[in-house]
Amino acid sequence: VQLQASGGGLMQAGGSLRLSCAASGRTFSDYPMGWFRQAPGKEREFVAGISRSGGRTDYTDSVKDRFTISRNDAKKTMYLQMNSLKPEDTAVYYCARNRYRLNWDVIPGRMRDAYDQWGQGTQVTVSS
């Protein structure tokens with residue numbers, strides 16, 4: 001599978017952006033998915049994850065109540081709606097496919113090693 005992230009850009013603090021992750025291939029719906037981000041000089045960190053069903057999600061504490069992850073299997077696309085953006089959200093955002101299919105409603109892990117397919121990243125810059 002190939003993943004293509006898009007939707008990044010420059011936004012003022014308090015604004016909103018929606019990232020998309022389009023997948024090629026026929027197995028998108030078979031895997032949990034996740035979003036990660038990497039700020040300059042920092043490690044790539046988990047942002048959000050979603051189960052195969054789409055019904056269970058997980059967020060890192062710093063984005064809870066501001067970001068929403070979702071998926072549309074018919075379109076083979078995953079989304080990250082980002083509201084109330086803060087300067088500390090500035091980073092390159094990556095979408096990723098979990099290494100294992102897992103059961104239908106299992107939330108994917110937060111470790112990078114749990115993911116084996118990565119998109120190319122999309123830059124999000126939030127100005128104060």
# chains A, B, ... in the order shown; residues from 1 in each chain; ligands from 1
call {"tool": "residues_around", "arguments": {"residues": "A:Tyr79", "least_positions_apart": "2", "cutoff": "6 Å", "atoms": "only C-alpha atoms", "output": "JSON list (two decimals) with all heavy atoms, in the first residue's frame"}}
result
[["chain", "number", "residue", "atom", "x", "y", "z"],
["A", 19, "LEU", "N", -6.31, 17.34, 7.63],
["A", 19, "LEU", "CA", -5.36, 16.53, 6.89],
["A", 19, "LEU", "C", -6.06, 15.31, 6.31],
["A", 19, "LEU", "O", -6.98, 14.77, 6.93],
["A", 19, "LEU", "CB", -4.21, 16.08, 7.78],
["A", 19, "LEU", "CG", -3.44, 17.18, 8.52],
["A", 19, "LEU", "CD1", -2.27, 16.56, 9.28],
["A", 19, "LEU", "CD2", -2.98, 18.26, 7.59],
["A", 20, "SER", "N", -5.59, 14.88, 5.15],
["A", 20, "SER", "CA", -6.10, 13.67, 4.52],
["A", 20, "SER", "C", -4.95, 12.72, 4.25],
["A", 20, "SER", "O", -3.82, 13.15, 4.02],
["A", 20, "SER", "CB", -6.80, 14.00, 3.20],
["A", 20, "SER", "OG", -7.92, 14.83, 3.40],
["A", 69, "ILE", "N", -9.70, 12.11, 14.63],
["A", 69, "ILE", "CA", -9.28, 11.19, 13.58],
["A", 69, "ILE", "C", -10.50, 10.43, 13.07],
["A", 69, "ILE", "O", -11.41, 10.10, 13.85],
["A", 69, "ILE", "CB", -8.20, 10.22, 14.10],
["A", 69, "ILE", "CG1", -7.63, 9.36, 12.97],
["A", 69, "ILE", "CG2", -8.73, 9.35, 15.23],
["A", 69, "ILE", "CD1", -6.44, 8.50, 13.38],
["A", 70, "SER", "N", -10.54, 10.18, 11.78],
["A", 70, "SER", "CA", -11.65, 9.43, 11.20],
["A", 70, "SER", "C", -11.17, 8.73, 9.93],
["A", 70, "SER", "O", -10.06, 9.01, 9.45],
["A", 70, "SER", "CB", -12.83, 10.35, 10.88],
["A", 70, "SER", "OG", -12.46, 11.33, 9.93],
["A", 71, "ARG", "N", -11.99, 7.84, 9.43],
["A", 71, "ARG", "CA", -11.63, 7.13, 8.20],
["A", 71, "ARG", "C", -12.87, 6.89, 7.36],
["A", 71, "ARG", "O", -13.97, 6.74, 7.89],
["A", 71, "ARG", "CB", -10.92, 5.82, 8.53],
["A", 71, "ARG", "CG", -11.77, 4.81, 9.26],
["A", 71, "ARG", "CD", -10.92, 3.63, 9.77],
["A", 71, "ARG", "NE", -10.32, 2.89, 8.66],
["A", 71, "ARG", "CZ", -9.29, 2.03, 8.81],
["A", 71, "ARG", "NH1", -8.77, 1.84, 10.01],
["A", 71, "ARG", "NH2", -8.81, 1.40, 7.77]]
call {"tool": "residues_around", "arguments": {"residues": "A:Cys21", "least_positions_apart": "5", "cutoff": "8 Å", "atoms": "only C-alpha atoms", "output": "PyMOL selection string"}}
result
chain A and resi 3-6+77-79+95+119
call {"tool": "select_by_dssp", "arguments": {"residues": "chain A", "states": "strand (DSSP E or B)", "output": "JSON, numbers by chain"}}
result
{"A": [3, 4, 5, 6, 9, 10, 11, 12, 17, 18, 19, 20, 21, 22, 23, 33, 34, 35, 36, 37, 38, 45, 46, 47, 48, 49, 50, 57, 58, 59, 67, 68, 69, 70, 71, 72, 77, 78, 79, 80, 81, 82, 91, 92, 93, 94, 95, 96, 97, 98, 115, 116, 117, 118, 122, 123, 124, 125, 126, 127]}
call {"tool": "residues_around", "arguments": {"residues": "A:Trp118", "least_positions_apart": "3", "cutoff": "8 Å", "atoms": "only C-alpha atoms", "output": "compact mmCIF listing (two decimals) with all heavy atoms, in the first residue's frame"}}
result
# COMPACT_ATOMS: atom_id res chain seq x y z
N GLN A 2 0.43 2.29 -0.67
CA GLN A 2 1.11 3.59 -0.62
C GLN A 2 0.18 4.60 0.02
O GLN A 2 -1.02 4.60 -0.24
CB GLN A 2 1.50 4.03 -2.02
CG GLN A 2 2.64 3.22 -2.62
CD GLN A 2 3.13 3.80 -3.94
OE1 GLN A 2 2.36 4.36 -4.70
NE2 GLN A 2 4.42 3.65 -4.19
N LEU A 3 0.74 5.45 0.85
CA LEU A 3 -0.03 6.45 1.57
C LEU A 3 0.41 7.84 1.13
O LEU A 3 1.61 8.11 1.03
CB LEU A 3 0.16 6.30 3.08
CG LEU A 3 -0.19 4.93 3.67
CD1 LEU A 3 0.17 4.87 5.14
CD2 LEU A 3 -1.66 4.62 3.46
N TYR A 94 2.60 12.80 9.60
CA TYR A 94 2.70 11.58 8.82
C TYR A 94 1.52 10.67 9.12
O TYR A 94 1.13 10.49 10.27
CB TYR A 94 3.98 10.82 9.17
CG TYR A 94 5.26 11.56 8.88
CD1 TYR A 94 5.84 12.39 9.84
CD2 TYR A 94 5.90 11.41 7.65
CE1 TYR A 94 7.02 13.06 9.57
CE2 TYR A 94 7.08 12.08 7.38
CZ TYR A 94 7.63 12.90 8.34
OH TYR A 94 8.80 13.57 8.08
N CYS A 95 0.97 10.06 8.08
CA CYS A 95 0.00 9.01 8.30
C CYS A 95 0.71 7.67 8.18
O CYS A 95 1.74 7.55 7.50
CB CYS A 95 -1.16 9.10 7.32
SG CYS A 95 -0.75 9.07 5.56
N ALA A 96 0.16 6.68 8.84
CA ALA A 96 0.83 5.39 8.88
C ALA A 96 -0.18 4.26 9.04
O ALA A 96 -1.24 4.43 9.65
CB ALA A 96 1.83 5.35 10.03
N ARG A 97 0.18 3.11 8.49
CA ARG A 97 -0.64 1.91 8.61
C ARG A 97 -0.03 0.99 9.65
O ARG A 97 1.18 0.74 9.66
CB ARG A 97 -0.71 1.19 7.27
CG ARG A 97 -1.74 0.07 7.22
CD ARG A 97 -1.58 -0.79 5.99
NE ARG A 97 -0.44 -1.70 6.11
CZ ARG A 97 -0.18 -2.65 5.23
NH1 ARG A 97 -0.95 -2.81 4.17
NH2 ARG A 97 0.88 -3.43 5.40
N TYR A 115 3.95 0.39 13.30
CA TYR A 115 3.49 0.82 11.98
C TYR A 115 4.57 0.51 10.94
O TYR A 115 5.76 0.74 11.20
CB TYR A 115 3.18 2.31 11.99
CG TYR A 115 2.05 2.65 12.94
CD1 TYR A 115 2.29 2.76 14.31
CD2 TYR A 115 0.75 2.80 12.49
CE1 TYR A 115 1.25 3.03 15.20
CE2 TYR A 115 -0.29 3.08 13.35
CZ TYR A 115 -0.03 3.19 14.71
OH TYR A 115 -1.06 3.45 15.58
call {"tool": "residues_around", "arguments": {"residues": "A:Phe67", "least_positions_apart": "3", "cutoff": "8 Å", "atoms": "only C-alpha atoms", "output": "list in words"}}
result
Val63, Lys64, Leu80, Gln81, Met82 and Asn83 of chain A
call {"tool": "write_last_selection", "arguments": {"atoms": "N, CA, C and O atoms", "output": "mmCIF file, in the first residue's frame"}}
result
data_model
loop_
_atom_site.group_PDB
_atom_site.id
_atom_site.type_symbol
_atom_site.label_atom_id
_atom_site.label_comp_id
_atom_site.auth_asym_id
_atom_site.auth_seq_id
_atom_site.Cartn_x
_atom_site.Cartn_y
_atom_site.Cartn_z
ATOM 1 N N VAL A 63 -3.503 16.716 22.264
ATOM 2 C CA VAL A 63 -4.439 17.045 21.180
ATOM 3 C C VAL A 63 -5.874 16.629 21.497
ATOM 4 O O VAL A 63 -6.785 16.891 20.698
ATOM 5 N N LYS A 64 -6.082 15.974 22.622
ATOM 6 C CA LYS A 64 -7.448 15.555 22.985
ATOM 7 C C LYS A 64 -8.366 16.756 23.021
ATOM 8 O O LYS A 64 -8.004 17.819 23.507
ATOM 9 N N LEU A 80 -7.561 13.773 9.610
ATOM 10 C CA LEU A 80 -7.267 14.333 10.923
ATOM 11 C C LEU A 80 -7.785 15.774 10.923
ATOM 12 O O LEU A 80 -7.190 16.643 10.271
ATOM 13 N N GLN A 81 -8.903 15.975 11.593
ATOM 14 C CA GLN A 81 -9.447 17.323 11.738
ATOM 15 C C GLN A 81 -8.764 17.975 12.931
ATOM 16 O O GLN A 81 -8.831 17.453 14.054
ATOM 17 N N MET A 82 -8.134 19.101 12.694
ATOM 18 C CA MET A 82 -7.373 19.784 13.736
ATOM 19 C C MET A 82 -7.995 21.150 13.989
ATOM 20 O O MET A 82 -7.992 22.012 13.103
ATOM 21 N N ASN A 83 -8.524 21.330 15.171
ATOM 22 C CA ASN A 83 -9.138 22.593 15.570
ATOM 23 C C ASN A 83 -8.327 23.250 16.683
ATOM 24 O O ASN A 83 -7.505 22.603 17.325
#
call {"tool": "residues_around", "arguments": {"residues": "A:Pro40", "least_positions_apart": "5", "cutoff": "12 Å", "atoms": "only C-alpha atoms", "output": "list in words"}}
result
Glu45, Glu88, Asp89, Thr90, Ala91, Val92, Tyr93, Gln123, Val124 and Thr125 of chain A
call {"tool": "write_last_selection", "arguments": {"atoms": "N, CA, C and O atoms", "output": "PDB file, in the first residue's frame"}}
result
ATOM      1  N   GLU A  45       6.399  11.597  17.024  1.00  0.00           N
ATOM      2  CA  GLU A  45       5.523  11.205  18.116  1.00  0.00           C
ATOM      3  C   GLU A  45       4.128  10.848  17.623  1.00  0.00           C
ATOM      4  O   GLU A  45       3.641  11.374  16.611  1.00  0.00           O
ATOM      5  N   GLU A  88       2.572  25.072  19.096  1.00  0.00           N
ATOM      6  CA  GLU A  88       3.267  23.814  19.408  1.00  0.00           C
ATOM      7  C   GLU A  88       2.771  22.639  18.569  1.00  0.00           C
ATOM      8  O   GLU A  88       3.332  21.542  18.650  1.00  0.00           O
ATOM      9  N   ASP A  89       1.738  22.838  17.771  1.00  0.00           N
ATOM     10  CA  ASP A  89       1.291  21.796  16.834  1.00  0.00           C
ATOM     11  C   ASP A  89       2.115  21.819  15.552  1.00  0.00           C
ATOM     12  O   ASP A  89       1.950  20.944  14.695  1.00  0.00           O
ATOM     13  N   THR A  90       2.976  22.809  15.402  1.00  0.00           N
ATOM     14  CA  THR A  90       3.809  22.903  14.211  1.00  0.00           C
ATOM     15  C   THR A  90       4.713  21.688  14.083  1.00  0.00           C
ATOM     16  O   THR A  90       5.455  21.343  15.003  1.00  0.00           O
ATOM     17  N   ALA A  91       4.607  21.018  12.939  1.00  0.00           N
ATOM     18  CA  ALA A  91       5.364  19.782  12.714  1.00  0.00           C
ATOM     19  C   ALA A  91       5.060  19.270  11.316  1.00  0.00           C
ATOM     20  O   ALA A  91       4.140  19.756  10.648  1.00  0.00           O
ATOM     21  N   VAL A  92       5.822  18.281  10.899  1.00  0.00           N
ATOM     22  CA  VAL A  92       5.462  17.497   9.722  1.00  0.00           C
ATOM     23  C   VAL A  92       4.584  16.351  10.217  1.00  0.00           C
ATOM     24  O   VAL A  92       4.964  15.638  11.149  1.00  0.00           O
ATOM     25  N   TYR A  93       3.429  16.196   9.604  1.00  0.00           N
ATOM     26  CA  TYR A  93       2.477  15.172  10.010  1.00  0.00           C
ATOM     27  C   TYR A  93       2.533  14.002   9.032  1.00  0.00           C
ATOM     28  O   TYR A  93       2.489  14.198   7.809  1.00  0.00           O
ATOM     29  N   GLN A 123       3.476  19.318   5.891  1.00  0.00           N
ATOM     30  CA  GLN A 123       3.915  20.317   6.865  1.00  0.00           C
ATOM     31  C   GLN A 123       2.729  21.120   7.386  1.00  0.00           C
ATOM     32  O   GLN A 123       1.925  21.640   6.597  1.00  0.00           O
ATOM     33  N   VAL A 124       2.650  21.230   8.693  1.00  0.00           N
ATOM     34  CA  VAL A 124       1.677  22.109   9.349  1.00  0.00           C
ATOM     35  C   VAL A 124       2.455  23.144  10.144  1.00  0.00           C
ATOM     36  O   VAL A 124       3.284  22.789  10.984  1.00  0.00           O
ATOM     37  N   THR A 125       2.195  24.400   9.872  1.00  0.00           N
ATOM     38  CA  THR A 125       2.857  25.489  10.579  1.00  0.00           C
ATOM     39  C   THR A 125       1.797  26.394  11.185  1.00  0.00           C
ATOM     40  O   THR A 125       0.914  26.879  10.473  1.00  0.00           O
TER      41      THR A 125
END
call {"tool": "closest_residue", "arguments": {"among": "A:Lys86, A:Asn98, A:Arg56, A:Gly109", "to": "A:Gly14", "atoms": "only C-alpha atoms"}}
result
A:Lys86
call {"tool": "select_by_dssp", "arguments": {"residues": "chain A", "states": "helix (DSSP H, G or I)", "output": "list of chain:residue names"}}
result
A:Phe28, A:Ser29, A:Asp30, A:Asp61, A:Ser62, A:Val63, A:Pro87, A:Glu88, A:Asp89, A:Arg112, A:Asp113, A:Ala114
